[in-house]
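This report refers to the structure that appears directly beneath it.
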Amino acid sequence: MIPRYTRPEMLQIWEPQTRFRIWFEIEAHATDALAMLGAVPREAAAKIWEKGKDAIFDVARIDEIESVTKHDVIAFLTHLAEIVGPEARFVHQGMTSSDVLDTCLSVQLVRAADLLIADVDGLLQALRRRAFEHKTTVCIGRSHGIHAEPTTFGIKLAQAHAEFQRARQRLVMARGEIATCAISGAVGTFANIDPMVEDYVARKMGLTPEPVSTQVIPRDRHAMFFAALAVVASSVERLATEIRHLQRTEVLEAEEYFAPGQKGSSAMPHKRNPVLTENLTGLARLVRSAVIPALENVALWHARDISHSSVERGIAPDATIHLDFALKRLTGVIDKLLVYPENMQRNLDRLGGLIHSQRVLLALTQKGMSREDAYAAVQRNAMPVWRGEGNFLDLLRKDGDVSCLLSTAELENLFDLGYHTRHVDTIFRRVFGDA
């Protein structure tokens, strides 16, 4: 992670002080449960909370201890004993390091998911507002980057809204997948700790017990979590790429907001570049880069190994931080997006009416011409227009094979833009409901 793409709310989840605070809560809740079972004196459990609940953990001191022990959890427990005193001997009874580490990571990923879900909610609001604003703003639809048939800019944004509704569902599912707790001891058999402790800690930490932890929480859960983040990132890139294309000089149907005092190029003062959406494309690549390592983490040796540990220390903060930043940035882009309906109309007119070719094709077949002959008739009139040699409607009027079946009035009616937008309300109801 780097500060440039880091928002403070998400960063806080991954800061050492937060991690150690979660570790303490896991240990203290486990000690409470052990006290309920009579395995630990109740006054000792109370003293642990009393000394630790408001403690500021000395990160430098923990690092100093770890430089000797070469073990992060032991280093933390040693520092906690310095804070708590003699009662610290009752901490970590029957537990293993993975109980603390994996349960903590679950808490952190759940908190990160909550922020990401809130980010998507903000993006959905922006997309909804702009979609209704441009519900009937007609523009050209493109396939293969080439003019196809008319659509509306509102439909484009409605499509993005529907996609990010699915993104939200995926994040909710990913949150549920990762929200498990493991307090089962070495190799996950509960040999030295009662399963009730796991139930209690899970409830206190807002998690559910892992059915079989084998000492670590199975990494298929984490793989699914990061895969879900990657799909959301790809949706971010898809919308960002659309905006980048629309901002090209030859198109210029929409463009990122250009703030007063903003500069586009160190060499060319006229430049207004799609830097935000280009940045989003790059951030999406970073989020997706977490997927393969997360998948490879699934296959651990026997009950556990730590080959996954170094991977997760990197991808967990990086992927969540980058996606959080990307979603907020995309929301800002949509919220302030400059839209140019006059340029959309200009582009609609660029091909001299060719965008209505399918309607002419279908009309000819309805009049009795075979599809093959109709296609040939439409295409032979379309190709000169493609080369800039005339107007499509004029050429069709002069074509005997066409004019003998379709009158001038019928042909003109086939060039009506409103025909292409008559189902916009249906699409919007499907996406937004009866708004």
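Quick note on naming: the chains in the structure tokens go A, B, ... in the order shown, residues restart at 1 in each chain, and ligands are numbered from 1 in order of appearance.
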(request) Would you mind writing down, as a list in words, each residue of range 208-344 of chain A that DSSP on the backbone assigns to strand (DSSP E)? (result) Thr208, Pro209, Ala254, Glu255, Leu338 and Val339 of chain A
(message) Residues near range 128-142 of chain A, anyone? I mean within 7 Å using only C-alpha atoms, not counting same-chain ones fewer than 2 positions away, as a VMD selection string.
(response) chain A and resid 124 to 126 144 to 155 157 to 158 161 341 344 to 345 348
What lies within 9 Å of Thr208 in chain A using only C-alpha atoms, ignoring chain neighbours under 4 positions off, as a CSV table (one decimal) with all heavy atoms, in the first residue's frame?
chain,number,residue,atom,x,y,z
A,179,ALA,N,-16.4,-14.6,7.4
A,179,ALA,CA,-16.7,-14.2,8.8
A,179,ALA,C,-16.8,-15.4,9.8
A,179,ALA,O,-17.7,-15.6,10.4
A,179,ALA,CB,-18.0,-13.4,8.9
A,180,THR,N,-15.6,-16.1,9.8
A,180,THR,CA,-15.6,-17.3,10.7
A,180,THR,C,-14.5,-17.2,11.7
A,180,THR,O,-13.5,-16.4,11.5
A,180,THR,CB,-15.4,-18.6,9.9
A,180,THR,OG1,-14.2,-18.6,9.2
A,180,THR,CG2,-16.5,-18.8,8.9
A,181,CYS,N,-14.6,-17.9,12.8
A,181,CYS,CA,-13.7,-17.8,13.9
A,181,CYS,C,-13.1,-19.2,14.2
A,181,CYS,O,-13.8,-20.2,14.1
A,181,CYS,CB,-14.4,-17.3,15.1
A,181,CYS,SG,-13.6,-17.5,16.7
A,182,ALA,N,-11.8,-19.3,14.5
A,182,ALA,CA,-11.2,-20.6,14.9
A,182,ALA,C,-10.5,-20.4,16.2
A,182,ALA,O,-9.5,-19.7,16.3
A,182,ALA,CB,-10.2,-21.0,13.8
A,198,GLU,N,-14.7,-21.2,21.7
A,198,GLU,CA,-14.8,-20.8,20.3
A,198,GLU,C,-16.1,-20.1,20.0
A,198,GLU,O,-16.2,-19.1,19.4
A,198,GLU,CB,-14.5,-21.9,19.3
A,198,GLU,CG,-14.6,-21.5,17.8
A,198,GLU,CD,-14.3,-22.7,16.9
A,198,GLU,OE1,-15.2,-23.6,16.9
A,198,GLU,OE2,-13.2,-22.7,16.3
A,199,ASP,N,-17.2,-20.8,20.5
A,199,ASP,CA,-18.5,-20.2,20.3
A,199,ASP,C,-18.6,-18.8,21.0
A,199,ASP,O,-19.2,-17.9,20.4
A,199,ASP,CB,-19.6,-21.1,21.0
A,199,ASP,CG,-19.7,-22.5,20.2
A,199,ASP,OD1,-19.4,-22.5,19.0
A,199,ASP,OD2,-20.2,-23.4,20.8
A,201,VAL,N,-16.1,-16.6,21.7
A,201,VAL,CA,-15.3,-15.7,21.1
A,201,VAL,C,-15.9,-15.3,19.7
A,201,VAL,O,-16.0,-14.1,19.4
A,201,VAL,CB,-13.9,-16.2,20.8
A,201,VAL,CG1,-13.1,-15.2,20.0
A,201,VAL,CG2,-13.2,-16.4,22.2
A,202,ALA,N,-16.5,-16.2,19.0
A,202,ALA,CA,-17.1,-15.9,17.7
A,202,ALA,C,-18.2,-15.0,17.9
A,202,ALA,O,-18.4,-14.0,17.2
A,202,ALA,CB,-17.6,-17.2,17.1
A,203,ARG,N,-19.1,-15.2,18.9
A,203,ARG,CA,-20.2,-14.3,19.2
A,203,ARG,C,-19.8,-12.9,19.5
A,203,ARG,O,-20.3,-11.9,19.0
A,203,ARG,CB,-21.1,-14.9,20.3
A,203,ARG,CG,-22.4,-14.2,20.5
A,203,ARG,CD,-23.3,-15.0,21.4
A,203,ARG,NE,-22.8,-15.3,22.7
A,203,ARG,CZ,-22.3,-16.4,23.2
A,203,ARG,NH1,-22.3,-17.5,22.3
A,203,ARG,NH2,-21.9,-16.6,24.4
(message) I'd like the neighbourhood of Gly353 in chain A as a PyMOL selection string, where a residue qualifies if any of its atoms comes within 10 Å (using only C-alpha atoms), though same-chain residues fewer than 5 positions away should be ignored.
(response) chain A and resi 348+382+385-386+391-394+415
(request) Please identify all polymer residues within 9 Å of Val212 in chain A, counting only C-alpha atoms, omitting same-chain residues fewer than 2 positions from it, and present them as a list of chain:residue names. (result) A:Ala182, A:Ser184, A:Gly188, A:Thr189, A:Pro209, A:Glu210, A:Thr214, A:Gln215, A:Val216, A:Ile217, A:Pro218
(request) Check the DSSP output for the backbone and give back, as a VMD selection string, the residues of range 28-155 of chain A in alpha helix (DSSP H). (result) chain A and resid 28 to 36 42 to 52 59 to 69 72 to 84 97 to 133 153 to 155
For range 7-18 of chain A, list every protein, DNA or RNA residue within 7 Å, evaluated using only C-alpha atoms, and leave out those in the same chain fewer than 6 positions away; present the list as a CSV table (one decimal) with C-alpha atoms, in the first residue's frame.
chain,number,residue,atom,x,y,z
A,57,PHE,CA,0.3,-1.3,22.6
A,59,VAL,CA,4.5,-1.5,18.5
A,108,GLN,CA,-10.3,-7.3,9.5
A,112,ALA,CA,-13.0,-4.1,5.1
A,317,PRO,CA,-4.4,-4.7,3.0
A,321,ILE,CA,-7.2,-0.5,0.2
A,325,PHE,CA,-9.9,3.9,-3.2
(message) Can you pull out the residues contacting range 254-265 of chain A? Cut-off 7 Å, using only C-alpha atoms, and skip same-chain residues under 4 positions away; I want them as JSON, numbers by chain.
(response) {"A": [243, 246, 247, 269, 271, 272, 273, 274, 333, 336, 337, 338, 339, 340]}
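Coordinates place CA of Asp318 in chain A at a distance of 26.7 Å from CA of Thr96 in chain A.
One finds CA of Arg387 in chain A at 26.5 Å from CA of Ser370 in chain A.
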(request) Quick one: pull the distance between CA of Val431 in chain A and CA of Arg285 in chain A, Å, one decimal. (result)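 According to the coordinates, CA of Val431 in chain A and CA of Arg285 in chain A are separated by 28.0 Å.
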(request) Go through A:Cys404, A:Ile56, A:Leu109, A:Leu411 one by one, measure the shortest atom-to-atom distance of each to Leu362 in chain A using only C-alpha atoms, and give the residue with the smallest value. (result)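 For Leu362 in chain A, the nearest of the given residues is A:Leu411.
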